[in-house]
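This is upload.pdb (PDB, C-alpha atoms).
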```pdb
MODEL        1
ATOM      1  CA  MET A   1      12.504  14.457  -9.616
ATOM      2  CA  THR A   2      14.349  15.084  -6.356
ATOM      3  CA  THR A   3      13.246  16.584  -3.087
ATOM      4  CA  THR A   4      14.661  19.956  -2.183
ATOM      5  CA  THR A   5      13.097  21.109   1.077
ATOM      6  CA  ALA A   6      13.093  19.423   4.476
ATOM      7  CA  ARG A   7      11.272  19.593   7.754
ATOM      8  CA  PRO A   8      13.369  20.128  10.884
ATOM      9  CA  SER A   9      14.182  16.997  12.865
ATOM     10  CA  SER A  10      12.993  18.778  16.022
ATOM     11  CA  ASN A  11       9.488  18.982  14.554
ATOM     12  CA  PRO A  12       8.373  15.376  13.855
ATOM     13  CA  VAL A  13       6.626  14.517  10.614
ATOM     14  CA  PRO A  14       2.888  13.855  11.081
ATOM     15  CA  THR A  15       1.853  10.222  11.004
ATOM     16  CA  PRO A  16       0.453   8.762   7.757
ATOM     17  CA  ALA A  17      -3.043   8.956   9.255
ATOM     18  CA  GLU A  18      -2.546  12.628  10.102
ATOM     19  CA  LEU A  19      -1.196  13.342   6.622
ATOM     20  CA  LEU A  20      -4.208  11.584   5.126
ATOM     21  CA  ASP A  21      -6.528  13.782   7.208
ATOM     22  CA  ILE A  22      -4.759  16.859   5.824
ATOM     23  CA  ALA A  23      -5.146  15.586   2.259
ATOM     24  CA  LEU A  24      -8.808  14.667   2.818
ATOM     25  CA  ALA A  25      -9.620  18.096   4.240
ATOM     26  CA  SER A  26      -7.887  19.852   1.345
ATOM     27  CA  ALA A  27      -9.602  17.700  -1.285
ATOM     28  CA  ASP A  28     -12.971  18.221   0.395
ATOM     29  CA  ARG A  29     -12.682  21.996   0.158
ATOM     30  CA  ALA A  30     -11.930  21.797  -3.548
ATOM     31  CA  ALA A  31     -14.726  19.248  -4.044
ATOM     32  CA  ASP A  32     -17.238  21.676  -2.513
ATOM     33  CA  TYR A  33     -16.095  24.345  -4.962
ATOM     34  CA  LEU A  34     -16.365  22.037  -7.991
ATOM     35  CA  ARG A  35     -19.805  20.724  -7.004
ATOM     36  CA  ALA A  36     -21.159  24.269  -6.866
ATOM     37  CA  LEU A  37     -20.172  25.115 -10.458
ATOM     38  CA  ASP A  38     -22.464  25.343 -13.467
ATOM     39  CA  ARG A  39     -20.623  22.792 -15.599
ATOM     40  CA  ASP A  40     -22.868  23.355 -18.617
ATOM     41  CA  HIS A  41     -21.070  26.582 -19.520
ATOM     42  CA  LEU A  42     -17.343  26.073 -19.016
ATOM     43  CA  ALA A  43     -14.643  27.861 -20.996
ATOM     44  CA  ARG A  44     -11.569  25.859 -21.932
ATOM     45  CA  GLU A  45      -8.008  26.626 -22.947
ATOM     46  CA  TYR A  46      -5.392  24.452 -24.634
ATOM     47  CA  LYS A  47      -1.994  23.653 -23.125
ATOM     48  CA  THR A  48      -0.164  21.766 -25.877
ATOM     49  CA  SER A  49      -3.038  20.652 -28.144
ATOM     50  CA  SER A  50      -6.766  19.955 -28.225
ATOM     51  CA  HIS A  51      -5.956  16.716 -26.375
ATOM     52  CA  ASP A  52      -4.492  18.677 -23.434
ATOM     53  CA  ILE A  53      -6.930  21.238 -22.076
ATOM     54  CA  VAL A  54      -7.271  23.290 -18.911
ATOM     55  CA  THR A  55     -10.004  25.464 -17.412
ATOM     56  CA  GLU A  56      -9.929  28.327 -14.950
ATOM     57  CA  HIS A  57     -11.407  25.899 -12.447
ATOM     58  CA  ASP A  58      -8.349  23.627 -12.588
ATOM     59  CA  ARG A  59      -6.321  26.591 -11.393
ATOM     60  CA  LYS A  60      -8.865  27.653  -8.794
ATOM     61  CA  SER A  61      -9.202  24.127  -7.441
ATOM     62  CA  GLU A  62      -5.426  23.900  -7.069
ATOM     63  CA  GLU A  63      -5.319  27.283  -5.337
ATOM     64  CA  ILE A  64      -7.909  26.067  -2.824
ATOM     65  CA  ILE A  65      -5.971  22.854  -2.173
ATOM     66  CA  VAL A  66      -2.623  24.626  -1.832
ATOM     67  CA  SER A  67      -4.099  27.196   0.543
ATOM     68  CA  GLU A  68      -5.512  24.472   2.778
ATOM     69  CA  LEU A  69      -2.308  22.419   2.701
ATOM     70  CA  ARG A  70      -0.295  25.495   3.608
ATOM     71  CA  ARG A  71      -2.681  26.260   6.469
ATOM     72  CA  LEU A  72      -2.545  22.746   7.876
ATOM     73  CA  LEU A  73       1.136  21.973   7.217
ATOM     74  CA  PRO A  74       3.113  25.090   6.226
ATOM     75  CA  THR A  75       6.402  23.208   5.949
ATOM     76  CA  CYS A  76       5.203  20.820   3.242
ATOM     77  CA  ARG A  77       6.406  20.723  -0.337
ATOM     78  CA  ILE A  78       3.668  20.765  -3.010
ATOM     79  CA  VAL A  79       3.919  19.522  -6.586
ATOM     80  CA  GLY A  80       0.828  20.535  -8.551
ATOM     81  CA  GLU A  81      -0.233  20.043 -12.155
ATOM     82  CA  GLU A  82      -0.989  23.715 -12.703
ATOM     83  CA  GLY A  83       1.473  25.461 -10.395
ATOM     84  CA  GLY A  84       4.472  23.174 -10.580
ATOM     85  CA  GLU A  85       6.691  22.680  -7.535
ATOM     86  CA  ARG A  86       6.169  24.882  -4.498
ATOM     87  CA  PRO A  87       8.983  24.474  -1.940
ATOM     88  CA  ALA A  88       8.262  24.425   1.769
ATOM     89  CA  GLU A  89       7.656  27.730   3.512
ATOM     90  CA  GLY A  90       8.513  28.889   7.002
ATOM     91  CA  PRO A  91      11.550  28.899   9.313
ATOM     92  CA  SER A  92      12.362  25.208   8.708
ATOM     93  CA  VAL A  93      13.447  25.736   5.100
ATOM     94  CA  GLY A  94      16.976  24.445   4.574
ATOM     95  CA  SER A  95      17.120  22.399   7.785
ATOM     96  CA  ASP A  96      17.740  18.673   7.905
ATOM     97  CA  GLY A  97      14.889  16.198   8.215
ATOM     98  CA  PRO A  98      12.321  14.207   6.249
ATOM     99  CA  VAL A  99      10.547  15.819   3.307
ATOM    100  CA  VAL A 100       6.736  15.800   3.163
ATOM    101  CA  SER A 101       5.476  16.240  -0.395
ATOM    102  CA  PHE A 102       1.893  16.503  -1.633
ATOM    103  CA  TYR A 103       1.311  15.593  -5.300
ATOM    104  CA  VAL A 104      -1.811  17.447  -6.414
ATOM    105  CA  ASP A 105      -4.000  17.036  -9.461
ATOM    106  CA  PRO A 106      -6.827  19.548  -8.903
ATOM    107  CA  ILE A 107      -9.026  18.050 -11.640
ATOM    108  CA  ASP A 108      -7.940  14.749 -13.132
ATOM    109  CA  GLY A 109     -10.115  14.222 -16.177
ATOM    110  CA  THR A 110     -10.389  17.848 -17.270
ATOM    111  CA  SER A 111     -11.790  16.945 -20.700
ATOM    112  CA  ASN A 112     -14.628  15.049 -19.003
ATOM    113  CA  PHE A 113     -15.147  17.917 -16.557
ATOM    114  CA  ALA A 114     -15.274  20.528 -19.323
ATOM    115  CA  ALA A 115     -17.754  18.423 -21.308
ATOM    116  CA  GLY A 116     -20.116  18.055 -18.344
ATOM    117  CA  LEU A 117     -19.302  14.404 -17.612
ATOM    118  CA  PRO A 118     -19.009  13.389 -13.938
ATOM    119  CA  LEU A 119     -15.912  11.206 -14.498
ATOM    120  CA  PHE A 120     -13.322  13.496 -12.946
ATOM    121  CA  CYS A 121     -11.697  13.739  -9.540
ATOM    122  CA  ILE A 122      -9.274  15.473  -7.205
ATOM    123  CA  SER A 123      -6.138  13.443  -6.550
ATOM    124  CA  ILE A 124      -3.680  14.113  -3.706
ATOM    125  CA  GLY A 125      -0.820  11.750  -2.998
ATOM    126  CA  VAL A 126       1.468  12.182   0.015
ATOM    127  CA  ALA A 127       5.095  11.106   0.170
ATOM    128  CA  VAL A 128       7.709  11.293   2.919
ATOM    129  CA  ASP A 129      11.218  11.228   1.480
ATOM    130  CA  ASP A 130       9.778   9.990  -1.835
ATOM    131  CA  GLU A 131       7.956   7.069  -0.199
ATOM    132  CA  LEU A 132       4.182   7.182  -0.605
ATOM    133  CA  VAL A 133       2.402   7.113   2.747
ATOM    134  CA  ALA A 134      -1.126   8.374   1.992
ATOM    135  CA  GLY A 135      -3.485   9.247  -0.815
ATOM    136  CA  VAL A 136      -6.991  10.492  -1.525
ATOM    137  CA  ILE A 137      -9.058  10.446  -4.717
ATOM    138  CA  ASP A 138     -12.278  12.454  -4.420
ATOM    139  CA  ALA A 139     -14.838  12.301  -7.248
ATOM    140  CA  PRO A 140     -17.143  15.207  -6.258
ATOM    141  CA  ILE A 141     -20.105  14.540  -8.548
ATOM    142  CA  LEU A 142     -20.006  10.754  -8.193
ATOM    143  CA  GLY A 143     -19.914  10.952  -4.388
ATOM    144  CA  SER A 144     -16.917   8.598  -4.170
ATOM    145  CA  VAL A 145     -13.901   9.164  -1.949
ATOM    146  CA  PHE A 146     -11.066   6.626  -2.046
ATOM    147  CA  ALA A 147      -8.384   6.947   0.604
ATOM    148  CA  ALA A 148      -5.539   5.122   2.291
ATOM    149  CA  ALA A 149      -2.764   5.763   4.778
ATOM    150  CA  ASP A 150      -0.985   2.888   6.575
ATOM    151  CA  GLY A 151      -4.159   0.884   7.122
ATOM    152  CA  PRO A 152      -6.580  -0.647   4.629
ATOM    153  CA  ALA A 153      -7.696   1.261   1.554
ATOM    154  CA  LEU A 154     -11.162   2.777   1.978
ATOM    155  CA  HIS A 155     -14.071   3.682  -0.270
ATOM    156  CA  ASN A 156     -16.386   6.166   1.439
ATOM    157  CA  GLY A 157     -15.008   4.995   4.770
ATOM    158  CA  THR A 158     -15.531   1.275   4.158
ATOM    159  CA  PRO A 159     -12.451  -0.971   3.826
ATOM    160  CA  ILE A 160     -11.817  -2.333   0.347
ATOM    161  CA  GLU A 161     -11.504  -6.108   0.333
ATOM    162  CA  PRO A 162      -8.465  -7.375  -1.614
ATOM    163  CA  ARG A 163      -9.389  -9.153  -4.838
ATOM    164  CA  CYS A 164      -7.401 -11.263  -7.269
ATOM    165  CA  THR A 165      -6.820 -10.289 -10.885
ATOM    166  CA  ARG A 166      -9.167 -12.243 -13.152
ATOM    167  CA  ALA A 167      -7.889 -14.377 -16.011
ATOM    168  CA  PRO A 168      -7.533 -12.461 -19.307
ATOM    169  CA  ALA A 169     -10.737 -13.818 -20.880
ATOM    170  CA  ASP A 170     -12.752 -12.432 -17.945
ATOM    171  CA  ALA A 171     -10.697  -9.304 -17.294
ATOM    172  CA  LEU A 172     -11.968  -5.741 -17.635
ATOM    173  CA  ILE A 173      -9.162  -3.316 -18.488
ATOM    174  CA  LEU A 174      -9.384   0.442 -17.957
ATOM    175  CA  SER A 175      -6.854   1.973 -20.306
ATOM    176  CA  GLY A 176      -6.228   4.388 -23.127
ATOM    177  CA  ALA A 177      -2.709   2.971 -23.386
ATOM    178  CA  ALA A 178      -2.185   3.277 -27.130
ATOM    179  CA  GLY A 179      -3.321   6.907 -27.243
ATOM    180  CA  HIS A 180      -2.607   9.630 -29.780
ATOM    181  CA  ARG A 181       0.978  10.300 -28.617
ATOM    182  CA  MET A 182       2.038   6.679 -28.900
ATOM    183  CA  SER A 183       0.103   6.264 -32.148
ATOM    184  CA  LYS A 184       2.055   9.133 -33.721
ATOM    185  CA  GLN A 185       5.449   7.906 -32.534
ATOM    186  CA  PHE A 186       5.024   4.136 -32.846
ATOM    187  CA  PRO A 187       2.026   3.521 -35.126
ATOM    188  CA  GLU A 188       2.734  -0.154 -35.787
ATOM    189  CA  LEU A 189       3.257  -1.024 -32.127
ATOM    190  CA  SER A 190       0.246   1.082 -31.160
ATOM    191  CA  GLY A 191      -1.990  -0.767 -33.593
ATOM    192  CA  ARG A 192      -0.724  -4.146 -32.381
ATOM    193  CA  MET A 193      -1.264  -3.151 -28.764
ATOM    194  CA  ASN A 194      -4.875  -2.163 -29.455
ATOM    195  CA  ARG A 195      -5.606  -5.323 -31.427
ATOM    196  CA  GLN A 196      -4.083  -7.678 -28.879
ATOM    197  CA  MET A 197      -5.718  -6.006 -25.886
ATOM    198  CA  HIS A 198      -9.188  -6.045 -27.433
ATOM    199  CA  THR A 199      -8.728  -9.664 -28.509
ATOM    200  CA  ALA A 200      -7.266 -11.041 -25.280
ATOM    201  CA  PHE A 201      -9.429  -9.331 -22.663
ATOM    202  CA  SER A 202     -13.138  -9.384 -21.951
ATOM    203  CA  ALA A 203     -13.440  -5.607 -22.311
ATOM    204  CA  VAL A 204     -11.234  -2.531 -22.626
ATOM    205  CA  ARG A 205     -12.577   0.851 -21.525
ATOM    206  CA  HIS A 206     -10.997   4.290 -21.166
ATOM    207  CA  LEU A 207     -12.441   6.601 -18.479
ATOM    208  CA  GLY A 208     -10.298   9.648 -19.229
ATOM    209  CA  SER A 209      -8.954   9.890 -15.670
ATOM    210  CA  ALA A 210      -5.882   7.917 -14.614
ATOM    211  CA  ALA A 211      -6.647   8.485 -10.927
ATOM    212  CA  LEU A 212     -10.203   7.172 -11.207
ATOM    213  CA  GLU A 213      -9.037   4.177 -13.220
ATOM    214  CA  LEU A 214      -6.533   3.312 -10.489
ATOM    215  CA  ALA A 215      -9.200   3.778  -7.808
ATOM    216  CA  TYR A 216     -11.633   1.516  -9.643
ATOM    217  CA  VAL A 217      -9.004  -1.189 -10.032
ATOM    218  CA  ALA A 218      -8.187  -0.833  -6.325
ATOM    219  CA  ALA A 219     -11.879  -1.292  -5.529
ATOM    220  CA  GLY A 220     -11.993  -4.469  -7.638
ATOM    221  CA  TRP A 221     -14.386  -2.995 -10.197
ATOM    222  CA  ALA A 222     -11.814  -3.632 -12.939
ATOM    223  CA  ASP A 223      -8.809  -5.897 -13.218
ATOM    224  CA  ALA A 224      -6.078  -3.640 -14.549
ATOM    225  CA  THR A 225      -5.226  -0.197 -15.815
ATOM    226  CA  ALA A 226      -2.266   0.938 -17.879
ATOM    227  CA  LEU A 227      -0.875   4.118 -19.419
ATOM    228  CA  THR A 228       2.235   4.808 -21.460
ATOM    229  CA  THR A 229       2.849   8.448 -20.451
ATOM    230  CA  ILE A 230       1.818   9.952 -17.127
ATOM    231  CA  ASN A 231       2.776  12.492 -14.446
ATOM    232  CA  SER A 232       3.338  11.984 -10.731
ATOM    233  CA  TRP A 233       0.322  14.060  -9.687
ATOM    234  CA  ASP A 234      -1.983  11.810 -11.741
ATOM    235  CA  ILE A 235      -0.922   8.559 -10.087
ATOM    236  CA  ALA A 236       0.682   9.135  -6.667
ATOM    237  CA  ALA A 237      -2.570   8.786  -4.736
ATOM    238  CA  GLY A 238      -3.858   5.973  -6.937
ATOM    239  CA  PHE A 239      -0.686   3.900  -6.633
ATOM    240  CA  HIS A 240      -0.804   4.086  -2.844
ATOM    241  CA  ILE A 241      -4.512   3.303  -2.592
ATOM    242  CA  LEU A 242      -4.226   0.375  -4.986
ATOM    243  CA  GLN A 243      -1.246  -1.145  -3.201
ATOM    244  CA  ARG A 244      -2.924  -0.794   0.206
ATOM    245  CA  ALA A 245      -5.900  -2.632  -1.333
ATOM    246  CA  GLY A 246      -3.648  -5.555  -2.294
ATOM    247  CA  GLY A 247      -3.009  -4.607  -5.901
ATOM    248  CA  SER A 248       0.292  -4.623  -7.762
ATOM    249  CA  VAL A 249       2.063  -2.031  -9.909
ATOM    250  CA  ARG A 250       4.868  -2.377 -12.430
ATOM    251  CA  THR A 251       6.483   0.669 -14.054
ATOM    252  CA  TRP A 252       8.801   1.513 -16.958
ATOM    253  CA  PRO A 253      11.174   4.516 -17.224
ATOM    254  CA  GLY A 254      10.208   5.652 -20.723
ATOM    255  CA  ARG A 255      12.511   7.214 -23.310
ATOM    256  CA  ASP A 256      14.713   9.355 -21.071
ATOM    257  CA  GLY A 257      13.625   8.206 -17.633
ATOM    258  CA  ASP A 258      15.535   7.023 -14.586
ATOM    259  CA  ALA A 259      14.576   3.494 -13.550
ATOM    260  CA  SER A 260      15.955   4.106 -10.055
ATOM    261  CA  LEU A 261      13.258   6.658  -9.211
ATOM    262  CA  PRO A 262      10.208   5.607  -7.153
ATOM    263  CA  ALA A 263       7.364   3.996  -9.068
ATOM    264  CA  PHE A 264       5.086   7.059  -8.943
ATOM    265  CA  LEU A 265       7.801   9.132 -10.644
ATOM    266  CA  GLN A 266       7.942   6.774 -13.646
ATOM    267  CA  PRO A 267       6.029   7.639 -16.852
ATOM    268  CA  ALA A 268       4.550   4.233 -17.788
ATOM    269  CA  TYR A 269       2.768   1.612 -15.719
ATOM    270  CA  VAL A 270       0.526  -1.429 -15.565
ATOM    271  CA  ALA A 271      -1.481  -1.803 -12.352
ATOM    272  CA  CYS A 272      -3.517  -4.906 -11.454
ATOM    273  CA  SER A 273      -6.213  -5.435  -8.834
ATOM    274  CA  GLY A 274      -4.295  -8.283  -7.207
ATOM    275  CA  PRO A 275      -0.765  -9.668  -7.068
ATOM    276  CA  GLU A 276      -1.458 -11.732 -10.180
ATOM    277  CA  ARG A 277      -0.177 -10.054 -13.338
ATOM    278  CA  LEU A 278      -1.709  -9.950 -16.811
ATOM    279  CA  GLU A 279       1.298 -11.106 -18.799
ATOM    280  CA  LEU A 280       0.166  -9.630 -22.109
ATOM    281  CA  LEU A 281       0.057  -6.098 -20.708
ATOM    282  CA  ASP A 282       3.513  -6.440 -19.156
ATOM    283  CA  GLU A 283       4.893  -7.869 -22.419
ATOM    284  CA  LEU A 284       3.392  -5.058 -24.497
ATOM    285  CA  PHE A 285       4.939  -2.468 -22.195
ATOM    286  CA  ASP A 286       8.274  -4.298 -22.391
ATOM    287  CA  ASP A 287       7.997  -3.948 -26.177
ATOM    288  CA  LEU A 288       7.199  -0.250 -25.839
ATOM    289  CA  GLN A 289      10.211   0.297 -23.586
ATOM    290  CA  GLU A 290      12.445  -1.456 -26.125
ATOM    291  CA  ALA A 291      11.075   0.803 -28.866
ATOM    292  CA  ARG A 292      11.694   3.891 -26.742
ATOM    293  CA  ASP A 293      15.232   2.772 -25.921
ATOM    294  CA  ALA A 294      15.939   2.234 -29.630
ATOM    295  CA  ASP A 295      14.508   5.670 -30.472
ATOM    296  CA  ARG A 296      16.896   7.593 -28.229
TER     297      ARG A 296
ENDMDL
END
```
The structure in this file should be written as structure tokens.
Amino acid sequence: MTTTTARPSSNPVPTPAELLDIALASADRAADYLRALDRDHLAREYKTSSHDIVTEHDRKSEEIIVSELRRLLPTCRIVGEEGGERPAEGPSVGSDGPVVSFYVDPIDGTSNFAAGLPLFCISIGVAVDDELVAGVIDAPILGSVFAAADGPALHNGTPIEPRCTRAPADALILSGAAGHRMSKQFPELSGRMNRQMHTAFSAVRHLGSAALELAYVAAGWADATALTTINSWDIAAGFHILQRAGGSVRTWPGRDGDASLPAFLQPAYVACSGPERLELLDELFDDLQEARDADR
């Protein structure tokens, strides 16, 4: 993915803290909307299959976020799950200068949301020239807001203390890594991945929201999270928050990916709560990348 629209050099880019404030305000507006809904009677639609659903509220939440981002920073570029890429607007279009991009997932964890579970969130990551500088993950029903700019990562305004990654026998992993897509394409590897993860680690859980899983690892409530196929709007905010909290991320380019792209534009990752890595997860994802390369 490449940037296409720039801000004029005569109009300086807001600071990371200012960009975070814009993202927080936009997420908060959408959070208010989602909290007010009757989630016991939600209609759902299917994008590609029953594993990939959307509701009218995903679209409405994104509309609210986009409207607020446009109001606060008209010259920004927006990449949203539902609306795709929206180039910058205004007189600066086509001029030279840094690109400010907001990566928006209006409801990450739509299946949970549609079922009435509270494990869903709004995720907004902010990049300047494809370098992450800010991010917010707002879980409206849970009352949790994770955020970071160029200072420490925060949970509800309180700094998150860096924490090491526990040894495998004590580690809690948040992951649905060997999901239905991988199981269909690489059934043997998928089965081995599941067996080895459940044997090696203390516990493996899948929350159904990549952004929340990253936030929880950043907070030190789990030791690692990993997914084999993901989109930039799911992980941009989470990657930034986790790294500002002292965590580490490794990515893989997938079947047809470009390894030179920034980490949040890669389709597979393993993220740990500290700089220490869980070697088994990295090795399993190395094996998956080899299988994808051979399948080209």
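For the pair CA of Phe285 (chain A) and CA of Ala259 (chain A), the interatomic distance is 14.3 Å.
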For this session: Enter the distance from CA of Phe146 (chain A) to CA of Val126 (chain A), in Å, rounded to one decimal.
Result: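 A separation of 13.9 Å between them.
The residues caught by the PyMOL selection byres ((chain A and resi 87) around 7) in this file are Thr5, Arg77, Ile78, Glu85, Arg86, Ala88 and Glu89 of chain A.
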For this session: Just say which residues the PyMOL selection byres ((chain A and resi 170) around 9) picks in this file, as a list in words.
Result: Arg166, Ala167, Pro168, Ala169, Ala171, Leu172, Phe201, Ser202, Ala203 and Asp223 of chain A
For this session: State, in Å with one decimal place, the distance from CA of Leu265 (chain A) to CA of Ala236 (chain A).
Result: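 Interatomic distance here is 8.2 Å.
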For this session: Starting from the point (4.8, -1.7, -21.3), work out which residues of protein, DNA or RNA have an atom no more than 10 Å away when counting all atoms listed in the file; state them as a ChimeraX atom specification.
Result: /A:177,193,226-228,250-254,268-270,280-290
Could the residues in this selection be written to a file with C-alpha atoms, as a short mmCIF file (atom, residue, chain, number, x, y, z; two decimals), in the coordinates of the input?
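Written out: result-v9.cif:
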```
data_model
loop_
_atom_site.label_atom_id
_atom_site.label_comp_id
_atom_site.auth_asym_id
_atom_site.auth_seq_id
_atom_site.Cartn_x
_atom_site.Cartn_y
_atom_site.Cartn_z
CA ALA A 177 -2.71 2.97 -23.39
CA MET A 193 -1.26 -3.15 -28.76
CA ALA A 226 -2.27 0.94 -17.88
CA LEU A 227 -0.88 4.12 -19.42
CA THR A 228 2.24 4.81 -21.46
CA ARG A 250 4.87 -2.38 -12.43
CA THR A 251 6.48 0.67 -14.05
CA TRP A 252 8.80 1.51 -16.96
CA PRO A 253 11.17 4.52 -17.22
CA GLY A 254 10.21 5.65 -20.72
CA ALA A 268 4.55 4.23 -17.79
CA TYR A 269 2.77 1.61 -15.72
CA VAL A 270 0.53 -1.43 -15.56
CA LEU A 280 0.17 -9.63 -22.11
CA LEU A 281 0.06 -6.10 -20.71
CA ASP A 282 3.51 -6.44 -19.16
CA GLU A 283 4.89 -7.87 -22.42
CA LEU A 284 3.39 -5.06 -24.50
CA PHE A 285 4.94 -2.47 -22.20
CA ASP A 286 8.27 -4.30 -22.39
CA ASP A 287 8.00 -3.95 -26.18
CA LEU A 288 7.20 -0.25 -25.84
CA GLN A 289 10.21 0.30 -23.59
CA GLU A 290 12.44 -1.46 -26.12
#
```
For this session: Using the chain letters and numbering of this document, enumerate as a list of chain:residue names the residues selected by the PyMOL selection byres ((chain A and resi 11-16) around 10).
Result: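 Taken on the displayed file, the PyMOL selection byres ((chain A and resi 11-16) around 10) yields the residues A:Arg7, A:Pro8, A:Ser9, A:Ser10, A:Ala17, A:Glu18, A:Leu19, A:Leu20, A:Asp21, A:Ile22, A:Leu73, A:Thr75, A:Cys76, A:Ser92, A:Gly97, A:Pro98, A:Val99, A:Val100, A:Val126, A:Ala127, A:Val128, A:Leu132, A:Val133, A:Ala134, A:Gly135, A:Ala148, A:Ala149, A:Asp150, A:Gly151.
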Keeping only C-alpha atoms, take the residues you just selected and write them out as a PDB file, keeping the file's coordinate frame.
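Resulting contents of again-v4.pdb:
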```
ATOM      1  CA  ARG A   7      11.272  19.593   7.754  1.00  0.00           C
ATOM      2  CA  PRO A   8      13.369  20.128  10.884  1.00  0.00           C
ATOM      3  CA  SER A   9      14.182  16.997  12.865  1.00  0.00           C
ATOM      4  CA  SER A  10      12.993  18.778  16.022  1.00  0.00           C
ATOM      5  CA  ALA A  17      -3.043   8.956   9.255  1.00  0.00           C
ATOM      6  CA  GLU A  18      -2.546  12.628  10.102  1.00  0.00           C
ATOM      7  CA  LEU A  19      -1.196  13.342   6.622  1.00  0.00           C
ATOM      8  CA  LEU A  20      -4.208  11.584   5.126  1.00  0.00           C
ATOM      9  CA  ASP A  21      -6.528  13.782   7.208  1.00  0.00           C
ATOM     10  CA  ILE A  22      -4.759  16.859   5.824  1.00  0.00           C
ATOM     11  CA  LEU A  73       1.136  21.973   7.217  1.00  0.00           C
ATOM     12  CA  THR A  75       6.402  23.208   5.949  1.00  0.00           C
ATOM     13  CA  CYS A  76       5.203  20.820   3.242  1.00  0.00           C
ATOM     14  CA  SER A  92      12.362  25.208   8.708  1.00  0.00           C
ATOM     15  CA  GLY A  97      14.889  16.198   8.215  1.00  0.00           C
ATOM     16  CA  PRO A  98      12.321  14.207   6.249  1.00  0.00           C
ATOM     17  CA  VAL A  99      10.547  15.819   3.307  1.00  0.00           C
ATOM     18  CA  VAL A 100       6.736  15.800   3.163  1.00  0.00           C
ATOM     19  CA  VAL A 126       1.468  12.182   0.015  1.00  0.00           C
ATOM     20  CA  ALA A 127       5.095  11.106   0.170  1.00  0.00           C
ATOM     21  CA  VAL A 128       7.709  11.293   2.919  1.00  0.00           C
ATOM     22  CA  LEU A 132       4.182   7.182  -0.605  1.00  0.00           C
ATOM     23  CA  VAL A 133       2.402   7.113   2.747  1.00  0.00           C
ATOM     24  CA  ALA A 134      -1.126   8.374   1.992  1.00  0.00           C
ATOM     25  CA  GLY A 135      -3.485   9.247  -0.815  1.00  0.00           C
ATOM     26  CA  ALA A 148      -5.539   5.122   2.291  1.00  0.00           C
ATOM     27  CA  ALA A 149      -2.764   5.763   4.778  1.00  0.00           C
ATOM     28  CA  ASP A 150      -0.985   2.888   6.575  1.00  0.00           C
ATOM     29  CA  GLY A 151      -4.159   0.884   7.122  1.00  0.00           C
TER      30      GLY A 151
END
```
Problem set entry | All residues 10 Å or closer to Ser232 (chain A), all atoms listed in the file, same chain fewer than 3 positions away omitted, as a list in words |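 Counting all atoms listed in the file, the residues come to Met1, Val79, Gly80, Glu81, Tyr103, Val104, Asp105, Gly125, Ile235, Ala236, Ala237, Phe239, Ala263, Phe264, Leu265, Gln266 and Pro267 of chain A.
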